[in-house]
file my_file.csv (CSV, C-alpha atoms and all ligand atoms)
chain,number,residue,atom,x,y,z
I,1,MET,CA,-61.5,-80.5,-80.6
I,2,ASN,CA,-58.1,-82.0,-79.7
I,3,THR,CA,-56.3,-79.4,-77.7
I,4,GLN,CA,-54.7,-80.3,-74.4
I,5,SER,CA,-57.4,-78.5,-72.4
I,6,ASP,CA,-60.2,-80.3,-74.4
I,7,LYS,CA,-58.6,-83.6,-73.5
I,8,LEU,CA,-58.3,-82.7,-69.9
I,9,VAL,CA,-61.9,-81.7,-69.7
I,10,TYR,CA,-62.9,-84.9,-71.4
I,11,THR,CA,-60.8,-87.0,-69.0
I,12,ILE,CA,-62.2,-85.3,-66.0
I,13,LYS,CA,-65.8,-85.9,-67.2
I,14,GLN,CA,-64.9,-89.6,-67.8
I,15,GLN,CA,-63.5,-89.8,-64.3
I,16,LEU,CA,-66.7,-88.4,-62.8
I,17,GLU,CA,-68.8,-90.7,-65.0
I,18,CYS,CA,-66.9,-93.7,-63.9
I,19,GLU,CA,-66.9,-92.7,-60.2
I,20,LYS,CA,-70.7,-92.3,-60.6
I,21,LEU,CA,-71.0,-95.8,-62.1
I,22,LEU,CA,-68.7,-97.6,-59.8
I,23,GLY,CA,-68.9,-95.6,-56.5
I,24,GLY,CA,-65.1,-95.7,-56.5
I,25,LYS,CA,-62.0,-94.0,-57.9
I,26,TRP,CA,-61.2,-94.6,-61.5
I,27,LEU,CA,-57.5,-95.0,-62.1
I,28,PRO,CA,-56.9,-93.7,-65.6
I,29,LYS,CA,-54.7,-96.2,-67.5
I,30,GLY,CA,-53.3,-93.8,-70.1
I,31,ASN,CA,-51.9,-90.3,-70.3
I,32,PRO,CA,-54.8,-87.8,-71.0
I,33,ARG,CA,-52.6,-86.6,-73.9
I,34,ASP,CA,-53.0,-89.9,-75.7
I,35,ILE,CA,-56.8,-90.3,-75.0
I,36,ASP,CA,-58.8,-90.7,-78.2
I,37,ILE,CA,-61.9,-88.5,-78.1
I,38,PRO,CA,-64.8,-89.7,-80.3
I,39,ALA,CA,-65.4,-87.2,-83.1
I,40,ASN,CA,-69.0,-86.3,-82.0
I,41,THR,CA,-67.9,-85.3,-78.4
I,42,ASN,CA,-68.1,-81.7,-77.3
I,43,PRO,CA,-66.2,-81.4,-74.0
I,44,GLN,CA,-67.7,-77.9,-73.5
I,45,ASP,CA,-71.2,-79.4,-73.4
I,46,SER,CA,-72.4,-80.4,-70.0
I,47,ASP,CA,-74.6,-83.1,-71.6
I,48,THR,CA,-71.4,-85.0,-72.4
I,49,LEU,CA,-71.7,-86.5,-68.9
I,50,ASN,CA,-75.0,-88.0,-69.8
I,51,PHE,CA,-73.7,-90.3,-72.6
I,52,MET,CA,-71.4,-93.2,-72.3
I,53,THR,CA,-67.9,-92.7,-73.4
I,54,PRO,CA,-66.2,-95.8,-74.8
I,55,GLN,CA,-64.2,-96.3,-71.6
I,56,ALA,CA,-67.2,-95.9,-69.4
I,57,GLU,CA,-69.1,-98.4,-71.6
I,58,GLU,CA,-66.3,-100.9,-71.2
I,59,ILE,CA,-66.4,-100.6,-67.4
I,60,MET,CA,-70.2,-101.1,-67.5
I,61,ASN,CA,-69.7,-104.3,-69.5
I,62,LYS,CA,-67.1,-105.5,-67.1
I,63,SER,CA,-69.3,-104.7,-64.2
I,64,GLN,CA,-72.3,-106.6,-65.8
I,65,LYS,CA,-70.1,-109.6,-66.5
I,66,LEU,CA,-68.9,-109.7,-63.0
I,67,LYS,CA,-72.4,-109.6,-61.7
I,68,LYS,CA,-73.3,-112.5,-64.0
I,69,ILE,CA,-70.4,-114.6,-62.7
I,70,ALA,CA,-71.5,-113.8,-59.1
I,71,ALA,CA,-75.0,-115.0,-60.0
I,72,GLU,CA,-73.5,-118.3,-61.4
I,73,VAL,CA,-71.4,-118.7,-58.2
I,74,SER,CA,-74.6,-118.4,-56.1
I,75,GLN,CA,-76.1,-121.4,-58.0
I,76,CYS,CA,-73.0,-123.6,-57.8
I,77,LYS,CA,-73.2,-127.1,-56.3
I,78,ALA,CA,-70.0,-128.4,-58.0
I,79,CYS,CA,-68.5,-129.4,-54.7
I,80,GLU,CA,-69.6,-130.3,-51.2
I,81,LEU,CA,-68.9,-126.8,-49.8
I,82,HIS,CA,-72.3,-125.7,-51.0
I,83,VAL,CA,-74.0,-127.8,-48.4
I,84,ASN,CA,-72.9,-125.8,-45.3
I,85,ARG,CA,-72.5,-122.3,-46.8
I,86,THR,CA,-74.6,-119.4,-45.5
I,87,ASN,CA,-73.6,-117.2,-48.5
I,88,VAL,CA,-71.3,-117.6,-51.5
I,89,VAL,CA,-68.4,-115.1,-51.5
I,90,PRO,CA,-67.7,-114.4,-55.2
I,91,GLY,CA,-65.6,-111.3,-54.7
I,92,GLU,CA,-66.0,-107.6,-54.9
I,93,GLY,CA,-64.4,-104.3,-56.0
I,94,ASN,CA,-63.7,-102.0,-58.9
I,95,ALA,CA,-64.6,-103.5,-62.3
I,96,ASN,CA,-61.8,-101.4,-63.7
I,97,ALA,CA,-59.2,-102.5,-61.2
I,98,ARG,CA,-55.6,-102.7,-62.3
I,99,LEU,CA,-54.8,-104.7,-59.2
I,100,VAL,CA,-56.6,-107.9,-57.9
I,101,PHE,CA,-55.9,-109.4,-54.5
I,102,VAL,CA,-56.6,-113.2,-54.4
I,103,GLY,CA,-56.9,-114.9,-51.0
I,104,GLU,CA,-57.5,-118.5,-50.1
I,105,ALA,CA,-61.2,-119.0,-49.1
I,106,PRO,CA,-63.9,-117.2,-47.1
I,107,GLY,CA,-63.8,-117.5,-43.3
I,108,GLN,CA,-66.8,-117.3,-40.9
I,109,ASN,CA,-67.3,-113.5,-41.2
I,110,GLU,CA,-67.1,-113.7,-45.0
I,111,ASP,CA,-69.5,-116.6,-45.1
I,112,GLU,CA,-72.0,-114.6,-42.9
I,113,GLN,CA,-71.8,-111.5,-45.0
I,114,GLY,CA,-71.1,-112.8,-48.5
I,115,ARG,CA,-68.1,-110.5,-48.9
I,116,PRO,CA,-64.4,-111.2,-49.0
I,117,PHE,CA,-61.9,-110.1,-46.4
I,118,VAL,CA,-64.3,-108.5,-43.9
I,119,GLY,CA,-62.9,-109.9,-40.6
I,120,ARG,CA,-59.7,-108.9,-38.8
I,121,ALA,CA,-57.5,-110.1,-41.7
I,122,GLY,CA,-59.7,-108.0,-44.0
I,123,GLN,CA,-59.1,-104.9,-41.8
I,124,LEU,CA,-55.4,-105.5,-42.1
I,125,LEU,CA,-55.7,-105.9,-45.8
I,126,GLU,CA,-57.5,-102.6,-46.0
I,127,ASN,CA,-54.7,-101.0,-44.0
I,128,ILE,CA,-52.2,-102.4,-46.5
I,129,ILE,CA,-54.2,-101.1,-49.4
I,130,GLN,CA,-54.3,-97.6,-47.8
I,131,ALA,CA,-50.6,-97.7,-47.1
I,132,MET,CA,-50.2,-98.2,-50.9
I,133,GLY,CA,-52.0,-94.9,-51.4
I,134,LEU,CA,-55.2,-96.7,-52.7
I,135,LYS,CA,-58.6,-97.5,-51.4
I,136,ARG,CA,-60.4,-100.8,-51.1
I,137,THR,CA,-62.8,-99.5,-53.8
I,138,ASP,CA,-59.9,-99.0,-56.3
I,139,VAL,CA,-59.0,-102.7,-56.3
I,140,TYR,CA,-60.8,-106.1,-56.8
I,141,ILE,CA,-60.7,-108.7,-54.0
I,142,CYS,CA,-61.6,-112.3,-54.3
I,143,ASN,CA,-60.6,-115.8,-53.3
I,144,ILE,CA,-59.5,-119.1,-54.8
I,145,LEU,CA,-62.6,-120.8,-53.3
I,146,LYS,CA,-65.9,-119.0,-53.3
I,147,CYS,CA,-67.4,-121.0,-50.3
I,148,ARG,CA,-66.1,-121.4,-46.8
I,149,PRO,CA,-64.4,-124.8,-46.0
I,150,PRO,CA,-65.7,-126.1,-42.7
I,151,GLY,CA,-63.7,-124.9,-39.7
I,152,ASN,CA,-61.6,-122.9,-42.1
I,153,ARG,CA,-59.6,-126.0,-43.1
I,154,ASP,CA,-57.3,-125.8,-46.1
I,155,PRO,CA,-58.9,-126.0,-49.5
I,156,LEU,CA,-59.0,-129.5,-51.1
I,157,ILE,CA,-57.6,-130.1,-54.6
I,158,GLY,CA,-61.1,-131.2,-55.8
I,159,GLU,CA,-62.6,-128.0,-54.5
I,160,VAL,CA,-60.0,-125.8,-56.1
I,161,GLU,CA,-60.5,-127.7,-59.4
I,162,ALA,CA,-64.3,-127.3,-59.2
I,163,CYS,CA,-64.0,-123.5,-58.4
I,164,LYS,CA,-61.1,-122.3,-60.5
I,165,HIS,CA,-63.2,-121.5,-63.7
I,166,PHE,CA,-64.9,-118.8,-61.7
I,167,LEU,CA,-61.6,-117.1,-60.9
I,168,TYR,CA,-60.5,-117.4,-64.6
I,169,ASP,CA,-63.8,-115.8,-65.7
I,170,GLN,CA,-63.3,-113.0,-63.2
I,171,LEU,CA,-59.7,-112.4,-64.3
I,172,ASN,CA,-60.5,-112.7,-68.0
I,173,THR,CA,-63.2,-110.0,-67.4
I,174,LEU,CA,-61.1,-107.7,-65.2
I,175,LYS,CA,-57.9,-108.0,-67.2
I,176,PRO,CA,-55.9,-106.6,-64.3
I,177,GLU,CA,-52.3,-105.7,-64.8
I,178,ILE,CA,-51.2,-107.5,-61.6
I,179,ILE,CA,-52.4,-110.0,-59.1
I,180,VAL,CA,-51.3,-110.2,-55.4
I,181,ALA,CA,-51.6,-113.8,-54.1
I,182,LEU,CA,-52.2,-113.6,-50.4
I,183,GLY,CA,-50.6,-116.4,-48.5
I,184,THR,CA,-49.3,-119.9,-49.1
I,185,HIS,CA,-52.5,-121.5,-50.4
I,186,ALA,CA,-53.3,-118.8,-52.9
I,187,ALA,CA,-49.7,-118.7,-54.1
I,188,HIS,CA,-49.4,-122.5,-54.4
I,189,ASN,CA,-52.7,-122.9,-56.1
I,190,LEU,CA,-52.2,-120.1,-58.6
I,191,LEU,CA,-48.6,-120.8,-59.4
I,192,GLU,CA,-49.0,-124.6,-59.2
I,193,THR,CA,-46.0,-125.0,-57.0
I,194,LYS,CA,-45.1,-126.1,-53.5
I,195,THR,CA,-42.2,-123.7,-53.1
I,196,PRO,CA,-42.4,-122.0,-49.7
I,197,ILE,CA,-44.1,-118.5,-49.7
I,198,GLY,CA,-40.9,-117.1,-48.2
I,199,GLN,CA,-39.1,-117.9,-51.5
I,200,LEU,CA,-42.0,-117.0,-53.8
I,201,ARG,CA,-42.4,-113.5,-52.4
I,202,GLY,CA,-40.1,-110.6,-53.3
I,203,SER,CA,-40.3,-111.1,-57.1
I,204,THR,CA,-42.7,-110.8,-59.9
I,205,HIS,CA,-44.1,-114.1,-61.5
I,206,ILE,CA,-46.0,-114.6,-64.6
I,207,TYR,CA,-49.4,-116.3,-64.1
I,208,HIS,CA,-50.8,-117.9,-67.3
I,209,PRO,CA,-52.7,-121.1,-66.6
I,210,GLU,CA,-54.8,-122.8,-69.3
I,211,GLY,CA,-58.1,-121.0,-69.0
I,212,LEU,CA,-56.6,-117.5,-68.7
I,213,ASN,CA,-56.7,-115.6,-72.0
I,214,GLU,CA,-53.7,-113.3,-71.3
I,215,PRO,CA,-50.7,-113.7,-68.9
I,216,ILE,CA,-50.9,-111.6,-65.8
I,217,LYS,CA,-48.1,-110.5,-63.5
I,218,LEU,CA,-48.3,-111.9,-60.0
I,219,VAL,CA,-46.6,-111.0,-56.7
I,220,ALA,CA,-47.0,-113.4,-53.8
I,221,THR,CA,-46.9,-112.2,-50.2
I,222,TYR,CA,-47.8,-113.3,-46.7
I,223,HIS,CA,-51.5,-113.6,-45.8
I,224,PRO,CA,-52.8,-110.8,-43.6
I,225,ALA,CA,-54.0,-113.5,-41.1
I,226,TYR,CA,-50.4,-114.7,-40.9
I,227,LEU,CA,-49.3,-111.1,-40.2
I,228,LEU,CA,-51.9,-110.9,-37.4
I,229,ARG,CA,-50.4,-114.0,-35.8
I,230,ASN,CA,-46.8,-112.9,-36.4
I,231,TYR,CA,-46.9,-109.1,-36.2
I,232,THR,CA,-43.2,-108.6,-36.3
I,233,LYS,CA,-41.3,-105.7,-37.9
I,234,ASP,CA,-39.6,-108.2,-40.2
I,235,ALA,CA,-42.8,-109.7,-41.5
I,236,ARG,CA,-44.5,-106.3,-41.9
I,237,GLN,CA,-41.4,-105.0,-43.8
I,238,LYS,CA,-41.5,-108.0,-46.1
I,239,VAL,CA,-45.1,-107.4,-47.0
I,240,TRP,CA,-44.4,-103.7,-47.5
I,241,THR,CA,-41.5,-104.6,-49.8
I,242,ASP,CA,-43.8,-106.8,-51.8
I,243,MET,CA,-46.4,-104.0,-52.1
I,244,GLN,CA,-43.7,-101.5,-53.2
I,245,LEU,CA,-42.9,-104.0,-56.0
I,246,VAL,CA,-46.6,-104.1,-57.0
I,247,LEU,CA,-46.7,-100.2,-57.1
I,248,LYS,CA,-43.6,-100.2,-59.2
I,249,GLU,CA,-45.1,-102.7,-61.6
I,250,LEU,CA,-48.2,-100.4,-61.8
I,251,ASN,CA,-46.1,-97.2,-62.2
I,252,LEU,CA,-47.7,-95.7,-59.2
I,253,PRO,CA,-45.9,-93.6,-56.6
I,254,ILE,CA,-44.7,-95.2,-53.5
I,255,PRO,CA,-46.0,-93.4,-50.4
I,256,LYS,CA,-43.8,-92.9,-47.4
I,257,LYS,CA,-44.7,-95.5,-44.8
I,258,SER,CA,-45.1,-94.4,-41.2
I,259,SER,CA,-44.5,-97.8,-39.4
Q,1,LIG,N1,-59.0,-115.2,-45.6
Q,1,LIG,C1,-59.1,-115.4,-47.0
Q,1,LIG,O1,-58.2,-116.0,-47.5
Q,1,LIG,N2,-60.1,-114.9,-47.6
Q,1,LIG,C2,-61.0,-114.1,-47.0
Q,1,LIG,O2,-61.9,-113.7,-47.7
Q,1,LIG,C3,-60.9,-113.9,-45.6
Q,1,LIG,C4,-59.9,-114.4,-45.0
call {"tool": "encode", "arguments": {"input": "my_file.csv", "output": "structure tokens"}}
result
Amino acid sequence: MNTQSDKLVYTIKQQLECEKLLGGKWLPKGNPRDIDIPANTNPQDSDTLNFMTPQAEEIMNKSQKLKKIAAEVSQCKACELHVNRTNVVPGEGNANARLVFVGEAPGQNEDEQGRPFVGRAGQLLENIIQAMGLKRTDVYICNILKCRPPGNRDPLIGEVEACKHFLYDQLNTLKPEIIVALGTHAAHNLLETKTPIGQLRGSTHIYHPEGLNEPIKLVATYHPAYLLRNYTKDARQKVWTDMQLVLKELNLPIPKKSS
């Protein structure tokens, strides 16, 4: 029960199982050759799909923890932002994501829908994700703040302090391989620096604040909303260079970019 074809069948079944669970694509972390098949598994048996493989069980646990965090966010009154919110915006995406995008804070559309990056900036973020050869459902997307600041003003220090434990809980659950910090505020708050985004982008940082169990690689890039205001070839190329760096860190192929 450990031939190459057995392992391939097992991996495909896991893939289907995870896609069924998550409604998205599962990006296998390892080489199927190295996958450890539990002793009682018969990959020839179609019932195999009906029981939880260890990997699928882990994803289920992560998914449940993320739901619990979202439920806690919905009850949060730790800062004044709760007063005017329509909805909290905890974050969404693949519980098995290797890549997490972190923005600044929800805007009007996000506040109305309770989902991150759903406005014009969100559409551009989705285009960027697609250019990377991925889908929105392959990654996890969230913000530093889970509630909208009035008039989309910058997050206040006290708000970031009150909210950051939710982000740590999400990242400790997801255990992504890499984070993309979208824009100045996300990069400054995550890396605890005031260095301009133009200097932070273009290289890989290590993010390991108190509260995060394991260090995570971090690439900072321009915010999609900045790109919308400044839709120049130079700015687009810089974001694409940053995303190529992310793909390299993840050992994923770099698709050819059309524009
Ligand atoms: N900008 C952000 O930083 N986050 C969102 O969710 C939407 C816009």
call {"tool": "residues_near_ligand", "arguments": {"input": "my_file.csv", "ligand": "ligand LIG 1 (chain Q)", "cutoff": "9 Å", "atoms": "only C-alpha atoms and all ligand atoms", "output": "ChimeraX atom specification"}}
result
/I:89,91,102-111,115-122,141-146,148,152,182-183,185-186,223-225
call {"tool": "residues_around", "arguments": {"input": "my_file.csv", "residues": "Arg236 of chain I", "least_positions_apart": "2", "cutoff": "12 Å", "atoms": "all atoms listed in the file", "output": "JSON, numbers by chain"}}
result
{"I": [124, 125, 127, 128, 131, 221, 222, 223, 224, 225, 226, 227, 228, 229, 230, 231, 232, 233, 234, 238, 239, 240, 241, 242, 243, 257, 258, 259]}
call {"tool": "residues_around", "arguments": {"input": "my_file.csv", "residues": "Lys65 of chain I", "least_positions_apart": "5", "cutoff": "10 Å", "atoms": "all atoms listed in the file", "output": "ChimeraX atom specification"}}
result
/I:59-60,70-71,95,169-170,173-174
call {"tool": "atom_distance", "arguments": {"input": "my_file.csv", "atom1": "atom CA of Tyr207 of chain I", "atom2": "atom CA of Cys147 of chain I"}}
result
23.2 Å
call {"tool": "atom_distance", "arguments": {"input": "my_file.csv", "atom1": "atom CA of Glu249 of chain I", "atom2": "atom CA of Ala187 of chain I"}}
result
18.3 Å
call {"tool": "atom_distance", "arguments": {"input": "my_file.csv", "atom1": "atom CA of Glu80 of chain I", "atom2": "atom CA of Tyr140 of chain I"}}
result
26.4 Å
call {"tool": "closest_residue", "arguments": {"input": "my_file.csv", "among": "I:Ala97, I:Cys163, I:Ile179, I:Val73", "to": "Lys135 of chain I", "atoms": "all atoms listed in the file"}}
result
I:Ala97
call {"tool": "closest_residue", "arguments": {"input": "my_file.csv", "among": "I:Ala220, I:Gln244, I:Asn96, I:His205", "to": "Gln64 of chain I", "atoms": "all atoms listed in the file"}}
result
I:Asn96
call {"tool": "closest_residue", "arguments": {"input": "my_file.csv", "among": "I:Gln199, I:Glu177, I:Leu171, I:Val246", "to": "Asn213 of chain I", "atoms": "all atoms listed in the file"}}
result
I:Leu171
call {"tool": "decode", "arguments": {"input": "my_file.csv", "residues": "segment 190-203 of chain I", "atoms": "N, CA, C and O atoms", "output": "PDB file, in the first residue's frame"}}
result
ATOM      1  N   LEU I 190       2.559  46.167  10.910  1.00  0.00           N
ATOM      2  CA  LEU I 190       3.044  44.796  11.082  1.00  0.00           C
ATOM      3  C   LEU I 190       4.533  44.795  11.430  1.00  0.00           C
ATOM      4  O   LEU I 190       4.970  44.088  12.341  1.00  0.00           O
ATOM      5  N   LEU I 191       5.300  45.598  10.716  1.00  0.00           N
ATOM      6  CA  LEU I 191       6.760  45.562  10.912  1.00  0.00           C
ATOM      7  C   LEU I 191       7.234  46.530  11.987  1.00  0.00           C
ATOM      8  O   LEU I 191       8.428  46.591  12.295  1.00  0.00           O
ATOM      9  N   GLU I 192       6.279  47.290  12.549  1.00  0.00           N
ATOM     10  CA  GLU I 192       6.585  48.277  13.598  1.00  0.00           C
ATOM     11  C   GLU I 192       7.748  49.165  13.173  1.00  0.00           C
ATOM     12  O   GLU I 192       8.788  49.241  13.826  1.00  0.00           O
ATOM     13  N   THR I 193       7.557  49.816  12.050  1.00  0.00           N
ATOM     14  CA  THR I 193       8.568  50.714  11.500  1.00  0.00           C
ATOM     15  C   THR I 193       7.866  51.888  10.821  1.00  0.00           C
ATOM     16  O   THR I 193       6.658  51.819  10.574  1.00  0.00           O
ATOM     17  N   LYS I 194       8.625  52.925  10.577  1.00  0.00           N
ATOM     18  CA  LYS I 194       8.078  54.060   9.817  1.00  0.00           C
ATOM     19  C   LYS I 194       8.807  54.209   8.477  1.00  0.00           C
ATOM     20  O   LYS I 194       8.651  55.183   7.754  1.00  0.00           O
ATOM     21  N   THR I 195       9.629  53.219   8.148  1.00  0.00           N
ATOM     22  CA  THR I 195      10.354  53.241   6.871  1.00  0.00           C
ATOM     23  C   THR I 195       9.349  53.315   5.717  1.00  0.00           C
ATOM     24  O   THR I 195       8.360  52.567   5.714  1.00  0.00           O
ATOM     25  N   PRO I 196       9.586  54.190   4.737  1.00  0.00           N
ATOM     26  CA  PRO I 196       8.629  54.310   3.631  1.00  0.00           C
ATOM     27  C   PRO I 196       8.417  52.981   2.890  1.00  0.00           C
ATOM     28  O   PRO I 196       9.363  52.193   2.751  1.00  0.00           O
ATOM     29  N   ILE I 197       7.179  52.786   2.435  1.00  0.00           N
ATOM     30  CA  ILE I 197       6.831  51.532   1.746  1.00  0.00           C
ATOM     31  C   ILE I 197       7.743  51.289   0.541  1.00  0.00           C
ATOM     32  O   ILE I 197       8.102  50.157   0.236  1.00  0.00           O
ATOM     33  N   GLY I 198       8.161  52.354  -0.119  1.00  0.00           N
ATOM     34  CA  GLY I 198       9.058  52.231  -1.273  1.00  0.00           C
ATOM     35  C   GLY I 198      10.378  51.565  -0.918  1.00  0.00           C
ATOM     36  O   GLY I 198      11.027  50.957  -1.770  1.00  0.00           O
ATOM     37  N   GLN I 199      10.764  51.683   0.349  1.00  0.00           N
ATOM     38  CA  GLN I 199      12.008  51.017   0.792  1.00  0.00           C
ATOM     39  C   GLN I 199      11.740  49.639   1.397  1.00  0.00           C
ATOM     40  O   GLN I 199      12.611  48.781   1.417  1.00  0.00           O
ATOM     41  N   LEU I 200      10.519  49.465   1.922  1.00  0.00           N
ATOM     42  CA  LEU I 200      10.196  48.164   2.537  1.00  0.00           C
ATOM     43  C   LEU I 200       9.920  47.103   1.468  1.00  0.00           C
ATOM     44  O   LEU I 200      10.190  45.914   1.668  1.00  0.00           O
ATOM     45  N   ARG I 201       9.329  47.533   0.356  1.00  0.00           N
ATOM     46  CA  ARG I 201       8.957  46.584  -0.704  1.00  0.00           C
ATOM     47  C   ARG I 201      10.242  46.058  -1.389  1.00  0.00           C
ATOM     48  O   ARG I 201      11.318  46.635  -1.230  1.00  0.00           O
ATOM     49  N   GLY I 202      10.066  44.949  -2.118  1.00  0.00           N
ATOM     50  CA  GLY I 202      11.192  44.465  -2.928  1.00  0.00           C
ATOM     51  C   GLY I 202      12.072  43.460  -2.202  1.00  0.00           C
ATOM     52  O   GLY I 202      12.991  42.916  -2.801  1.00  0.00           O
ATOM     53  N   SER I 203      11.800  43.223  -0.912  1.00  0.00           N
ATOM     54  CA  SER I 203      12.594  42.190  -0.218  1.00  0.00           C
ATOM     55  C   SER I 203      11.717  41.448   0.795  1.00  0.00           C
ATOM     56  O   SER I 203      10.619  41.905   1.136  1.00  0.00           O
TER      57      SER I 203
END
